[in-house]
Amino acid sequence: MREKSSYLDKTLNSEREVIRNVVYSTDPADFSYMAANVPCQAACPAWTNVPAYIRCLYEGRFDRSYEINRIVNVLPGVLGRICSRPCETKCRHGERELGQPVNICHIKRAASDFKEPGHVYLEQLFAPLGKSVTVVGAGPAGLAAAHDLAVFGFDVELLEALETPGGMLAYGIPEFRLPRDVLKAEIDSILRLGVTLRTGVKVGEDVAVDELLKSRHAVLLAAGCYAARQLDVPGEDLPGVLSGLRFVMDVNSGRAPMLGKRVLVLGAGFTAFDCARLALRLGADDVAICIRGTEEDLRVTQDEIHEAKREGVHIRSLMVSTRIVGRDRVEGVEFLRTRIEGTRPDGRRKVVPVDGSDFCVPTDSVIVAVGQGPEPIPAPGEKDKRNVLKGDPTTFRTSVPNLYVAGDFMTGPTTVIESIAGGRRAAERIAEDLTGRKFREWAVRIHDTGVNDRQREWDFIPRQEMPTVLPAIERFQSPQPEVEIGYSPEPAHEESKRCYLCYLHYEIDIDACIYCRYCIDVAPRDCIKLVREVVLDESGAVKRLVETTAWEEVNAVVIDNERCIRCGACLRVCPVDCISVSKVELVQRALETGRE
């Protein structure tokens with residue numbers, strides 16, 4: 001029988017390397033393929049290999065599933081609880097005719113929950129370099145940067161202004177969402193690499209940036225965003241008006257303020273929801289989140305909205321605050337009604353106030369959670385309009401040699417996964433600048449595989465929802481229990497079956513194909529096509545398939561991997577065995593050893 005052609009049979013060039021029958025490619029066309037065909041990984045700021053860790057969990061390889069996550073996102077147990085889940089928004093299973101996206105984030109947590117108690121952390125350690133770096137800020141970006149710099153062989157000092165490491169993870173997120181033992185365990189896994197942690201050290205007051213630069217080879221500022229934004233409305237300075245971030249930090253530090261029975265929260269993000277849910281736990285009876293738009297405009301997950309409502313939080317839509325009223329203390333908030341009026345240049349809906357629609361809502365406390373920014377750190381170098389040290393978003397460099405910035409301190413508030421990704425990229429840049437060489441590279445790993453064991457009926461498995469503490473009143477006990485209690489093994493296994501394993505590439509050998517159309521007949525969706533032309537982009541990747549229904553114009557039968565759900569039906573029915581399957585993964589590997 002003729003040997004099948006496959007995705008590996010392309011002509012090797014300088015951008016492709018073969019190691020033990022596995023191809024590692026840095027060809028732009030292969031990166032373009034990954035971006036289009038593995039949308040979950042492409043959507044993750046850290047480029048987590050989502051199909052691989054889901055498959056490992058399905059196979060019961062929990063430790064390996066956890067490590068695939070940890071290779072790139074450093075804090076899997078944390079992110080499995082509080083990630084903003086950009087991967088799920090792009091999950092192919094969530095396309096209109098396919099149902100709901102895979103619960104990717106909850107599977108990440110399951111891998112963390114099910115790994116062995118004595119799990120041995122894997123690292124790609126490099127030899128010591130004799131060079132030192134100070135990282136300022138032990139939040140997500142700083143922890144990620146410290147981890148990678150230590151792995152590269154640097155002597156790393158981590159300075160934190162607060163009393164414990166973690167930054168916003170420790171002080172800005174309630175314990176009912178992120179248990180502190182989970183956070184501590186994953187921070188300890190970073191510190192064990194030899195990172196020297198010094199807490200209660202505020203750079204700019206206790207030690208100057210200039211002083212650090214003289215004693216270290218490089219300094220990275222990743223101090224996060226702790227300066228709360230203001231509403232800029234009259235009455236904002238009244239007693240009883242609280243900053244959202246400061247409120248959460250005070251509660252987490254055991255200094256919860258008195259709120260009264262009625263609480264209004266102004267804001268639309270996770271911090272606003274955390275504040276509202278904490279207010280209920282502190283004894284408030286009537287808690288409402290007031291937003292300018294509607295629930296469709298909220299910047300939180302549907303799960304967050306559902307759980308907040310289940311606990312008793314009200315969401316009041318289409319209203320914008322104009323004044324906080326009261327004499328010696330806040331007594332109410334004046335609002336204007338708003339309406340939706342088209343879209344803004346960024347694609348989001350435009351919300352405008354309605355003149356003459358003012359009204360007042362009485363309250364005992366107001367929590368303002370409309371965002372925060374970085375606090376300026378006294379340092380040499382060019383500043384931006386916020387008076388914060390200006391950094392290049394690509395190189396993380398400042399105008400001062402060997403002084404770098406990263407994370408929310410550079411960009412303003414983002415998500416935890418974005419901060420981690422930024423911290424890791426900054427570490428790579430610092431390492432390259434100080435040594436003149438690259439330590440790791442991203443590559444597309446390709447190797448032949450057989451038909452997978454995924455069954456068509458798995459497409460119809462319902463999404464396994466995260467179990468929570470019920471009834472909701474039990475969540476208000478002290479100490480606060482974690483609301484989401486985690487999957488047990490059976491639902492985790494069921495949810496893992498739903499993944500389409502988009503890292504599998506199905507391809508028809510057009511030289512061996514007899515145009516029988518059997519594959520088209522069994523395909524569950526229009527993923528196999530008669531094409532007249534395959535249009536490539538500038539990188540050489542497939543840009544567009546030009547379909548035809550006229551047999552005299554057909555030049556090939558092609559599998560559209562952007563539509564394919566990897567069911568394997570085409571491969572099983574092909575009478576001439578001309579369909580091959582390759583596993584195509586975006587991985588990061590060490591350049592010296594070739595290890596992943």
# chains A, B, ... in the order shown; residues from 1 in each chain; ligands from 1
$ residues_around --residues "Glu418 of chain A" --least-positions-apart "3" --cutoff "8 Å" --atoms "only C-alpha atoms" --output "mmCIF file with N, CA and C atoms, in the first residue's frame"
data_model
loop_
_atom_site.group_PDB
_atom_site.id
_atom_site.type_symbol
_atom_site.label_atom_id
_atom_site.label_comp_id
_atom_site.auth_asym_id
_atom_site.auth_seq_id
_atom_site.Cartn_x
_atom_site.Cartn_y
_atom_site.Cartn_z
ATOM 1 N N PRO A 45 -3.259 34.539 26.975
ATOM 2 C CA PRO A 45 -2.082 35.412 26.912
ATOM 3 C C PRO A 45 -0.774 34.681 27.182
ATOM 4 N N ALA A 46 -0.830 33.594 27.957
ATOM 5 C CA ALA A 46 0.381 32.817 28.252
ATOM 6 C C ALA A 46 0.595 31.669 27.272
ATOM 7 N N GLY A 407 3.954 44.067 33.830
ATOM 8 C CA GLY A 407 2.692 43.836 34.524
ATOM 9 C C GLY A 407 1.795 45.058 34.526
ATOM 10 N N THR A 414 -4.998 44.881 34.243
ATOM 11 C CA THR A 414 -5.329 43.815 33.293
ATOM 12 C C THR A 414 -5.799 42.612 34.100
ATOM 13 N N THR A 415 -5.749 41.451 33.510
ATOM 14 C CA THR A 415 -6.144 40.226 34.201
ATOM 15 C C THR A 415 -4.913 39.530 34.774
ATOM 16 N N ALA A 421 1.744 36.440 31.937
ATOM 17 C CA ALA A 421 2.376 36.378 30.615
ATOM 18 C C ALA A 421 3.362 37.528 30.435
ATOM 19 N N GLY A 422 2.975 38.726 30.876
ATOM 20 C CA GLY A 422 3.865 39.880 30.760
ATOM 21 C C GLY A 422 5.111 39.732 31.610
#
$ residues_around --residues "segment 300-307 of chain A" --least-positions-apart "4" --cutoff "7 Å" --atoms "only C-alpha atoms" --output "PyMOL selection string"
chain A and resi 269-270+311
$ write_last_selection --atoms "C-alpha atoms" --output "short mmCIF file (atom, residue, chain, number, x, y, z; two decimals), in the first residue's frame"
data_model
loop_
_atom_site.label_atom_id
_atom_site.label_comp_id
_atom_site.auth_asym_id
_atom_site.auth_seq_id
_atom_site.Cartn_x
_atom_site.Cartn_y
_atom_site.Cartn_z
CA GLY A 269 -15.74 44.38 37.12
CA PHE A 270 -14.65 41.51 39.35
CA GLU A 311 -26.31 35.06 47.27
#
$ closest_atom_pairs --of "segment 278-321 of chain A" --to "segment 337-343 of chain A" --cutoff "8 Å" --atoms "only C-alpha atoms" --output "JSON lines"
{"residue": "A:Arg292", "atom": "CA", "partner": "A:Thr338", "partner_atom": "CA", "distance": 6.6}
{"residue": "A:Gly293", "atom": "CA", "partner": "A:Ile340", "partner_atom": "CA", "distance": 7.2}
{"residue": "A:Leu318", "atom": "CA", "partner": "A:Thr338", "partner_atom": "CA", "distance": 4.8}
{"residue": "A:Met319", "atom": "CA", "partner": "A:Arg337", "partner_atom": "CA", "distance": 4.5}
{"residue": "A:Val320", "atom": "CA", "partner": "A:Arg337", "partner_atom": "CA", "distance": 6.5}
$ write_last_selection --atoms "N, CA and C atoms" --output "PDB file, in the first residue's frame"
ATOM      1  N   ARG A 292     -23.599  51.352  34.469  1.00  0.00           N
ATOM      2  CA  ARG A 292     -24.020  52.310  33.432  1.00  0.00           C
ATOM      3  C   ARG A 292     -24.810  51.624  32.323  1.00  0.00           C
ATOM      4  N   GLY A 293     -24.388  50.412  31.949  1.00  0.00           N
ATOM      5  CA  GLY A 293     -25.042  49.689  30.860  1.00  0.00           C
ATOM      6  C   GLY A 293     -25.971  48.616  31.389  1.00  0.00           C
ATOM      7  N   LEU A 318     -28.417  50.535  33.759  1.00  0.00           N
ATOM      8  CA  LEU A 318     -28.740  51.783  33.057  1.00  0.00           C
ATOM      9  C   LEU A 318     -28.871  52.967  34.007  1.00  0.00           C
ATOM     10  N   MET A 319     -27.795  53.196  34.774  1.00  0.00           N
ATOM     11  CA  MET A 319     -27.785  54.324  35.698  1.00  0.00           C
ATOM     12  C   MET A 319     -26.346  54.763  35.932  1.00  0.00           C
ATOM     13  N   VAL A 320     -26.123  56.062  36.030  1.00  0.00           N
ATOM     14  CA  VAL A 320     -24.790  56.598  36.251  1.00  0.00           C
ATOM     15  C   VAL A 320     -24.858  57.593  37.401  1.00  0.00           C
TER      16      VAL A 320
END
$ closest_residue --among "A:Arg544, A:Lys583, A:Lys383, A:His447" --to "Thr398 of chain A" --atoms "only C-alpha atoms"
A:Lys383
$ closest_residue --among "A:Ser321, A:Ala222, A:Pro481, A:Leu586" --to "Gly423 of chain A" --atoms "only C-alpha atoms"
A:Ala222
$ residues_around --residues "Leu504 of chain A" --least-positions-apart "2" --cutoff "8 Å" --atoms "only C-alpha atoms" --output "ChimeraX atom specification"
/A:501-502,506,566,581-584
$ write_last_selection --atoms "C-alpha atoms" --output "CSV table (one decimal), in the first residue's frame"
chain,number,residue,atom,x,y,z
A,501,LEU,CA,-8.6,18.2,20.8
A,502,CYS,CA,-8.0,20.9,18.2
A,506,TYR,CA,-6.4,15.9,9.8
A,566,ARG,CA,-11.7,15.9,15.2
A,581,VAL,CA,-3.5,12.7,11.6
A,582,SER,CA,-0.7,14.7,13.1
A,583,LYS,CA,-0.5,16.3,16.6
A,584,VAL,CA,0.5,19.9,16.2
$ select_by_dssp --residues "segment 213-312 of chain A" --states "strand (DSSP E or B)" --output "mmCIF file with N, CA and C atoms, in the first residue's frame"
data_model
loop_
_atom_site.group_PDB
_atom_site.id
_atom_site.type_symbol
_atom_site.label_atom_id
_atom_site.label_comp_id
_atom_site.auth_asym_id
_atom_site.auth_seq_id
_atom_site.Cartn_x
_atom_site.Cartn_y
_atom_site.Cartn_z
ATOM 1 N N ALA A 218 20.259 44.196 37.139
ATOM 2 C CA ALA A 218 19.033 44.737 36.548
ATOM 3 C C ALA A 218 17.960 44.824 37.625
ATOM 4 N N VAL A 219 17.009 45.722 37.393
ATOM 5 C CA VAL A 219 15.863 45.882 38.289
ATOM 6 C C VAL A 219 14.596 45.878 37.450
ATOM 7 N N LEU A 220 13.612 45.096 37.893
ATOM 8 C CA LEU A 220 12.312 45.044 37.216
ATOM 9 C C LEU A 220 11.248 45.566 38.171
ATOM 10 N N LEU A 221 10.533 46.611 37.758
ATOM 11 C CA LEU A 221 9.432 47.159 38.553
ATOM 12 C C LEU A 221 8.125 46.515 38.089
ATOM 13 N N ALA A 227 -3.486 52.308 43.360
ATOM 14 C CA ALA A 227 -4.075 53.641 43.510
ATOM 15 C C ALA A 227 -5.493 53.622 42.932
ATOM 16 N N ALA A 228 -6.500 53.752 43.811
ATOM 17 C CA ALA A 228 -7.895 53.656 43.370
ATOM 18 C C ALA A 228 -8.291 54.872 42.535
ATOM 19 N N VAL A 241 -18.053 56.480 52.197
ATOM 20 C CA VAL A 241 -17.710 56.221 50.795
ATOM 21 C C VAL A 241 -16.345 55.543 50.792
ATOM 22 N N LEU A 242 -16.301 54.307 50.319
ATOM 23 C CA LEU A 242 -15.103 53.475 50.420
ATOM 24 C C LEU A 242 -14.542 53.141 49.047
ATOM 25 N N SER A 243 -13.249 53.038 48.975
ATOM 26 C CA SER A 243 -12.583 52.531 47.767
ATOM 27 C C SER A 243 -12.754 51.030 47.696
ATOM 28 N N ARG A 262 -27.648 48.871 54.154
ATOM 29 C CA ARG A 262 -27.833 49.126 52.720
ATOM 30 C C ARG A 262 -26.509 49.559 52.104
ATOM 31 N N VAL A 263 -26.108 48.857 51.046
ATOM 32 C CA VAL A 263 -24.821 49.131 50.413
ATOM 33 C C VAL A 263 -25.012 49.236 48.905
ATOM 34 N N LEU A 264 -24.459 50.290 48.323
ATOM 35 C CA LEU A 264 -24.421 50.433 46.871
ATOM 36 C C LEU A 264 -22.982 50.279 46.404
ATOM 37 N N VAL A 265 -22.776 49.450 45.400
ATOM 38 C CA VAL A 265 -21.451 49.256 44.809
ATOM 39 C C VAL A 265 -21.477 49.846 43.410
ATOM 40 N N LEU A 266 -20.538 50.737 43.123
ATOM 41 C CA LEU A 266 -20.462 51.375 41.810
ATOM 42 C C LEU A 266 -19.282 50.784 41.056
ATOM 43 N N ASP A 286 -29.179 44.636 52.122
ATOM 44 C CA ASP A 286 -29.575 45.073 50.786
ATOM 45 C C ASP A 286 -28.326 45.579 50.061
ATOM 46 N N VAL A 287 -27.817 44.785 49.136
ATOM 47 C CA VAL A 287 -26.591 45.129 48.406
ATOM 48 C C VAL A 287 -26.902 45.157 46.916
ATOM 49 N N ALA A 288 -26.548 46.255 46.264
ATOM 50 C CA ALA A 288 -26.810 46.389 44.827
ATOM 51 C C ALA A 288 -25.564 46.884 44.110
ATOM 52 N N ILE A 289 -25.308 46.308 42.940
ATOM 53 C CA ILE A 289 -24.263 46.789 42.038
ATOM 54 C C ILE A 289 -24.936 47.667 40.991
ATOM 55 N N CYS A 290 -24.492 48.914 40.884
ATOM 56 C CA CYS A 290 -25.092 49.876 39.953
ATOM 57 C C CYS A 290 -24.177 50.051 38.758
#
$ atom_distance --atom1 "atom CA of Gln124 of chain A" --atom2 "atom CA of Leu434 of chain A"
19.4 Å
